[in-house]
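Notes follow the structure.
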Amino acid sequence: MKARVNHTTSPFRTLTMSAAVALALGLAIPAAKVEAQEPRARGSATLLEEVMVTARKREEGAQDVPMSISAFNANQIDALKVRDLTNLAVGMPNVALDDVGTTRGTANFSIRGLGINSSIPSIDPTVGVFVNGVYLGVNNGIIFDVFDLESIEVLRGPQGILFGRNVTGGAILMNTRKPGEELDATVRAAVDGGGDGGINKYLMGAIGGPVTDTLGLRLTGYWNDDDGWHENQFDGSDVQAIEQKMVRGTLAWTPTDRAELVLRYEYVDIEGDGPVAQSHTNGLGIPGAPFNAKRDSFDANYDLVGEQSSETDFFSAEFNYDVDFGDGTITALYGWRESEGNTVSDIDAQPAALFHAPADLIAEQNSFELRYNGQFGNANVTTGVYWFENDLEYHERRDLLGAALPPSFGGLSFQIQDGGGLYDVETMAFFAAVDYDLTDKLSLTVGARWSSEDKSAEIATLALNTNVLDTTATVVTGQPVYANPLTGTDTRCNIVYGPSCTLDFKDDDSWDTFAPKIGLGYDLNDSTQLYASWSRGFRSGGYNLRNTSPTAAPGPFDEEQVDNYEIGYKSLNDWGRLNAAVFYTDIGDMQREVNLADATSGVVQIIDNTADATIWGLEVDGTFRLGDNLLLLASVGYIDASYDTVRFDLNGDGVVDSKDKDLDVPRAPEWTYSVGMTYDMDIGSWGYATARINYAYRDETAFTDNNRGFILEQDILDAGLDFYSNSGHWVFSLYGRNLLDEVKHGGDTQLPSALGPVPLGGTFSPLAKGRVYGAEVTYNFF
């Protein structure tokens, strides 16, 4: 194992403060010296803009890329009032961007039926998230509020050649804004609410531009203080409160016409409540005890509000150098990210202390990519090497059966389990892709990626490290006395902060993978193309850091391989754009976290290669100009997902048979669709307004592999009204989200009928917000 991280205050925070001073001094340019800027697109016009994307590691229009992409530029992100990625959760065909809710901010994204249902930090995603080209190595803490972004790109289907591991479903690329050639500055404030809780306040701003002819700086700040949308019936308090602070500094230096260096540093601090825990009748028909909510309600009654806190430092350095060889560009990209977080969650979701779960996670990653892109006659060539390293320290505690003790014991836990582990990942990869124009209309794409990955794990199994309260000794000493029945001593521990737990499992393994792609593109005319492709993606093998079962080994489980066959159509015209695709996906060694109720530990989570499966489907999306002032947006997605072979007892009846094979594949909703309209109107000499309304639907979908846990269908109605001043300075907005007040759960974990001697039943189903109304004002200084 590698040496553990030394957790000290980041020097990059000082760098960011220095950048702020430099901005204040260097960008304090009198308004008279600022050249007139082109007016920014607003209203419906923003939604017709073609977005520049980097899906093929080079900048090009989204409609020119022969793959399924949903892309949004800075103006569109603002127009749609996107706060975080979950705001796009049901608006794209066959895409679900959900927060699991167990540990808030943990991505459980699914694209084309490939998704996960876990908050375990060693679980690799099916949908990789990249910020400014840097892959984020854990799912935890990556759903954060977005501001001052240049673009968001959602790539559907395996992206294994250019983006590597853990993109079997697709990839999400988020790019922050760089300083431009002219000074710009924006301040925005917003307030919203709508639930039984309090008010949610936002304040954000950005300033950037040239300091010298070769140096540009940009500073972005963000603050959000949310009192909480929900009310906890346990004591009437507002819950789901959170405060988030972010500062980001960007430096762009172009010492010559050929060279560009971009340095970015971001610091994020988040503090707030734990998840809003709801218990409702579980898949076996057992209601929660003593409290049981209606599944389609926002009712919650739990004794421990819990907490979450995290700090993240994120630095990247990108160097681009233009060369004569192939009139190309060499890019070197380094990324470093360290995050430290603590959470406490009420898993029993009851007004009694039965199952509480504190957890600690420290993750540090480093990555480096060196690539080249150039043009040789009819061939566009992209090739490079990639290195990635990720080190995790994870601790989880389960405080169990406190309600089984008399009140005189002051809320102590009768039983405590500690576990977690140390986890190291190292990846090396080589990749190459060629896009070759066979004729003026026909192009061929071929590419491949070879990856070698090493993983090592040291794990403490929770069920093997159980301490029980000695009630007699506790009464005598006046202090809680715990002992492990196996050793007779107190073995409570914390892997992250010490004393360290006994690590009962140690192992390492490696995987070598070859991922190819072959594709054809054909231009029907200047505005329309057809494409067809076969591509392969893979999801890493690994280990389970939340090993609860005393008998199931925490790994290694093998990697998952996905082969995708796709035919698509893309068209861009004066009337708008229309895209469509049909796909067939073959999944080998499907990697799943099987989530099972357990009377001893509450929940057991086993990670294994459970099955082979097939998913086929279609998706259509378009933006259509119905008039000078009226725009229609629509999409539809369909998925047919089924198991081919099953190698795990998914339904828990003791045998692997056709009943397991007939279960629904989790996180694969059959239908998703959306329809929306925007309308522009003049409001006199002051400016004009844009009204928008959007309805999106997503089918009910299985959450657990045994199908006892599921997520309700979603009917999401959003609306808004924006007022733009002709000066370009002011934007006043009114908006509403989830106006039908739909209940949405991050997950639906099944709880046992009894935990030890105490009746429990029900579920742990974290609640998302319901109906939200808000107002926002933006001022653009230049």
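By convention here, the chains of the structure tokens are called A, B, ... in the order presented, each chain's residues are numbered starting at 1, and ligands are numbered starting at 1 in the order presented.
Using only C-alpha atoms, the protein and nucleic acid residues lying no more than 8 Å from Leu85 of chain A, apart from those fewer than 5 places from it along its own chain, are A:Leu97, A:Ile143, A:Phe144, A:Asp145, A:Val146.
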Print the selection's residues with N, CA and C atoms to a file, as a short mmCIF file (atom, residue, chain, number, x, y, z; two decimals), in the first residue's frame.
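So selection.cif came out as:
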data_model
loop_
_atom_site.label_atom_id
_atom_site.label_comp_id
_atom_site.auth_asym_id
_atom_site.auth_seq_id
_atom_site.Cartn_x
_atom_site.Cartn_y
_atom_site.Cartn_z
N LEU A 97 -29.98 11.54 -14.18
CA LEU A 97 -28.88 12.09 -13.39
C LEU A 97 -29.38 12.29 -11.96
N ILE A 143 -21.78 15.86 -7.23
CA ILE A 143 -22.95 16.66 -7.62
C ILE A 143 -22.89 17.95 -6.82
N PHE A 144 -22.31 18.96 -7.43
CA PHE A 144 -22.16 20.24 -6.77
C PHE A 144 -22.83 21.31 -7.62
N ASP A 145 -23.18 22.42 -7.00
CA ASP A 145 -23.82 23.49 -7.75
C ASP A 145 -22.86 24.05 -8.78
N VAL A 146 -23.39 24.31 -9.96
CA VAL A 146 -22.56 24.77 -11.07
C VAL A 146 -22.84 26.25 -11.33
#
Counting only C-alpha atoms, give me one row per residue of segment 386-469 of chain A with an atom at most 9 Å from an atom of segment 475-492 of chain A, showing the shortest contact pair and its distance in Å to one decimal, sorted by chain then residue number, as JSON lines.
{"residue": "A:Phe409", "atom": "CA", "partner": "A:Val475", "partner_atom": "CA", "distance": 8.4}
{"residue": "A:Leu412", "atom": "CA", "partner": "A:Pro480", "partner_atom": "CA", "distance": 7.7}
{"residue": "A:Phe414", "atom": "CA", "partner": "A:Tyr482", "partner_atom": "CA", "distance": 8.7}
{"residue": "A:Gln415", "atom": "CA", "partner": "A:Tyr482", "partner_atom": "CA", "distance": 8.4}
{"residue": "A:Ile416", "atom": "CA", "partner": "A:Arg492", "partner_atom": "CA", "distance": 7.6}
{"residue": "A:Gln417", "atom": "CA", "partner": "A:Arg492", "partner_atom": "CA", "distance": 7.6}
{"residue": "A:Asp418", "atom": "CA", "partner": "A:Arg492", "partner_atom": "CA", "distance": 6.5}
{"residue": "A:Leu464", "atom": "CA", "partner": "A:Leu486", "partner_atom": "CA", "distance": 8.7}
{"residue": "A:Asn465", "atom": "CA", "partner": "A:Thr491", "partner_atom": "CA", "distance": 7.0}
{"residue": "A:Thr466", "atom": "CA", "partner": "A:Asn484", "partner_atom": "CA", "distance": 5.7}
{"residue": "A:Asn467", "atom": "CA", "partner": "A:Asn484", "partner_atom": "CA", "distance": 4.3}
{"residue": "A:Val468", "atom": "CA", "partner": "A:Tyr482", "partner_atom": "CA", "distance": 5.4}
{"residue": "A:Leu469", "atom": "CA", "partner": "A:Tyr482", "partner_atom": "CA", "distance": 4.5}
Can you write out as a tab-separated table which residues of segment 664-768 of chain A fall within 12 Å of segment 585-591 of chain A, alongside each residue's closest atom pair and its distance in Å to one decimal, counting only C-alpha atoms and ordering rows by chain and ascending residue number?
residue	atom	partner	partner_atom	distance
A:Val665	CA	A:Met590	CA	10.4
A:Pro666	CA	A:Met590	CA	11.4
A:Asp705	CA	A:Gln591	CA	11.3
- Task: Find the spatial neighbours of segment 364-367 of chain A, counting only C-alpha atoms, within a cut-off of 10 Å - ignore same-chain residues fewer than 6 positions away - and output them as a PyMOL selection string.
- Result: chain A and resi 4-5+7+134-138+312-316+333-340+386-393+424-428
With N, CA and C atoms retained, could you export that selection as a compact mmCIF listing (two decimals), in the first residue's frame?
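Just written: again-v3.txt:
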# COMPACT_ATOMS: atom_id res chain seq x y z
N ARG A 4 -0.03 6.99 3.32
CA ARG A 4 -1.27 7.75 3.45
C ARG A 4 -1.03 9.23 3.21
N VAL A 5 -2.12 9.90 2.84
CA VAL A 5 -2.06 11.32 2.52
C VAL A 5 -1.81 12.14 3.79
N HIS A 7 -2.76 15.35 5.44
CA HIS A 7 -3.86 16.28 5.23
C HIS A 7 -3.51 17.62 5.88
N VAL A 134 -10.48 16.52 -16.72
CA VAL A 134 -9.95 15.70 -15.62
C VAL A 134 -11.05 14.79 -15.09
N TYR A 135 -10.79 13.49 -15.09
CA TYR A 135 -11.75 12.50 -14.60
C TYR A 135 -11.84 12.57 -13.08
N LEU A 136 -13.08 12.56 -12.55
CA LEU A 136 -13.29 12.55 -11.11
C LEU A 136 -13.38 11.11 -10.64
N GLY A 137 -12.50 10.71 -9.73
CA GLY A 137 -12.26 9.31 -9.43
C GLY A 137 -13.25 8.64 -8.51
N VAL A 138 -14.14 9.40 -7.83
CA VAL A 138 -15.15 8.79 -6.98
C VAL A 138 -16.50 9.43 -7.28
N THR A 312 -13.01 20.35 -0.53
CA THR A 312 -12.39 19.82 -1.73
C THR A 312 -11.45 20.85 -2.33
N ASP A 313 -10.26 20.41 -2.66
CA ASP A 313 -9.28 21.21 -3.41
C ASP A 313 -9.08 20.54 -4.76
N PHE A 314 -9.15 21.33 -5.81
CA PHE A 314 -9.08 20.79 -7.17
C PHE A 314 -8.20 21.71 -8.01
N PHE A 315 -7.09 21.16 -8.50
CA PHE A 315 -6.16 21.94 -9.31
C PHE A 315 -5.91 21.22 -10.62
N SER A 316 -5.86 21.98 -11.71
CA SER A 316 -5.50 21.40 -13.00
C SER A 316 -4.61 22.37 -13.76
N LEU A 333 -2.08 17.58 -19.83
CA LEU A 333 -3.11 17.92 -18.86
C LEU A 333 -2.85 17.18 -17.55
N TYR A 334 -2.62 17.94 -16.50
CA TYR A 334 -2.40 17.37 -15.16
C TYR A 334 -3.57 17.77 -14.26
N GLY A 335 -4.03 16.83 -13.46
CA GLY A 335 -5.09 17.13 -12.50
C GLY A 335 -4.81 16.54 -11.13
N TRP A 336 -5.12 17.31 -10.10
CA TRP A 336 -4.99 16.85 -8.71
C TRP A 336 -6.26 17.26 -7.97
N ARG A 337 -6.82 16.33 -7.23
CA ARG A 337 -8.03 16.62 -6.46
C ARG A 337 -7.97 15.88 -5.14
N GLU A 338 -8.21 16.61 -4.07
CA GLU A 338 -8.26 16.00 -2.74
C GLU A 338 -9.54 16.45 -2.06
N SER A 339 -10.26 15.49 -1.50
CA SER A 339 -11.49 15.81 -0.80
C SER A 339 -11.52 15.07 0.53
N GLU A 340 -12.09 15.71 1.53
CA GLU A 340 -12.23 15.13 2.86
C GLU A 340 -13.66 15.37 3.31
N TYR A 386 -2.11 8.06 -20.96
CA TYR A 386 -2.87 8.53 -19.80
C TYR A 386 -2.42 7.76 -18.56
N TRP A 387 -2.30 8.50 -17.45
CA TRP A 387 -1.95 7.90 -16.15
C TRP A 387 -2.89 8.46 -15.11
N PHE A 388 -3.35 7.56 -14.21
CA PHE A 388 -4.30 7.96 -13.17
C PHE A 388 -3.98 7.20 -11.89
N GLU A 389 -4.05 7.91 -10.78
CA GLU A 389 -3.82 7.31 -9.46
C GLU A 389 -4.85 7.86 -8.50
N ASN A 390 -5.43 6.98 -7.69
CA ASN A 390 -6.46 7.39 -6.73
C ASN A 390 -6.26 6.62 -5.43
N ASP A 391 -6.18 7.33 -4.31
CA ASP A 391 -6.01 6.71 -3.00
C ASP A 391 -7.19 7.10 -2.12
N LEU A 392 -7.82 6.09 -1.51
CA LEU A 392 -8.99 6.31 -0.66
C LEU A 392 -8.73 5.80 0.74
N GLU A 393 -9.23 6.54 1.70
CA GLU A 393 -9.32 6.09 3.09
C GLU A 393 -10.78 6.22 3.49
N ASP A 424 -6.18 1.64 -3.17
CA ASP A 424 -5.28 2.33 -4.11
C ASP A 424 -5.57 1.85 -5.52
N VAL A 425 -5.62 2.79 -6.43
CA VAL A 425 -5.87 2.50 -7.84
C VAL A 425 -4.79 3.17 -8.68
N GLU A 426 -4.25 2.45 -9.65
CA GLU A 426 -3.31 3.04 -10.59
C GLU A 426 -3.61 2.49 -11.99
N THR A 427 -3.71 3.41 -12.96
CA THR A 427 -4.09 3.06 -14.32
C THR A 427 -3.10 3.68 -15.30
N MET A 428 -2.71 2.90 -16.30
CA MET A 428 -1.94 3.38 -17.44
C MET A 428 -2.69 3.01 -18.71
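Near Ser309 of chain A, within 12 Å and counting only C-alpha atoms, sit A:Thr103, A:Arg104, A:Gly105, A:Gly141, A:Ala241, A:Ile242, A:Glu243, A:Gln244, A:Lys245, A:Val268, A:Asp269, A:Ile270, A:Glu271, A:Gly272, A:Asp273, A:Gly274, A:Ser339, A:Glu340, A:Gly341, A:Asn342, A:Thr343, A:Val344, A:Pro358, A:Ala359, A:Asp360, A:Leu361, A:Ile362; same-chain residues fewer than 6 positions away were not included.
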- Message: At a cut-off of 10 Å, using only C-alpha atoms, what residues contact Ile711 of chain A? Leave out same-chain residues fewer than 5 positions from it and give the result as a PyMOL selection string.
- Response: chain A and resi 295+666-667+669+699-704+743-748+765
- Task: Identify all residues of segment 423-609 of chain A in helix (DSSP H, G or I) (DSSP on the backbone) and supply them as a count of residues only.
- Result: 10
- Compile the contact shell of Arg647 of chain A as a ChimeraX atom specification: residues with an atom at most 9 Å away, counting only C-alpha atoms, same-chain residues fewer than 3 positions apart removed. /A:609-612,650,656-657
- Tell me which of A:Tyr531, A:Tyr522, A:Tyr497, A:Phe376 sits closest to Val434 of chain A, counting only C-alpha atoms. A:Phe376
- Task: Name the residues of segment 450-590 of chain A that come out as strand (DSSP E or B) in a backbone DSSP run; write them as a PyMOL selection string.
- Result: chain A and resi 450-460+466-469+482-483+505-525+528-539+542+557+560-573+576-590
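Interatomic distance, atom CA of Ser44 of chain A to atom CA of Leu734 of chain A: 16.0 Å.
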Using only C-alpha atoms, tabulate the residues of segment 558-643 of chain A lying at most 10 Å from any atom of segment 398-404 of chain A, each with its closest atom pair and that distance in Å to one decimal, by chain and increasing residue number, as a tab-separated table.
residue	atom	partner	partner_atom	distance
A:Thr600	CA	A:Leu400	CA	9.1
A:Ser601	CA	A:Arg398	CA	7.9
A:Gly602	CA	A:Leu400	CA	8.4
Take the residues that were just selected and, keeping N, CA and C atoms, output them as a PDB file, in the first residue's frame.
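And here's again_0.pdb as it stands now:
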ATOM      1  N   THR A 600     -29.118  -8.594  11.221  1.00  0.00           N
ATOM      2  CA  THR A 600     -27.998  -8.336  12.124  1.00  0.00           C
ATOM      3  C   THR A 600     -27.355  -6.977  11.857  1.00  0.00           C
ATOM      4  N   SER A 601     -27.036  -6.693  10.590  1.00  0.00           N
ATOM      5  CA  SER A 601     -26.346  -5.456  10.232  1.00  0.00           C
ATOM      6  C   SER A 601     -27.260  -4.411   9.619  1.00  0.00           C
ATOM      7  N   GLY A 602     -28.537  -4.712   9.463  1.00  0.00           N
ATOM      8  CA  GLY A 602     -29.481  -3.785   8.853  1.00  0.00           C
ATOM      9  C   GLY A 602     -29.559  -3.975   7.357  1.00  0.00           C
TER      10      GLY A 602
END
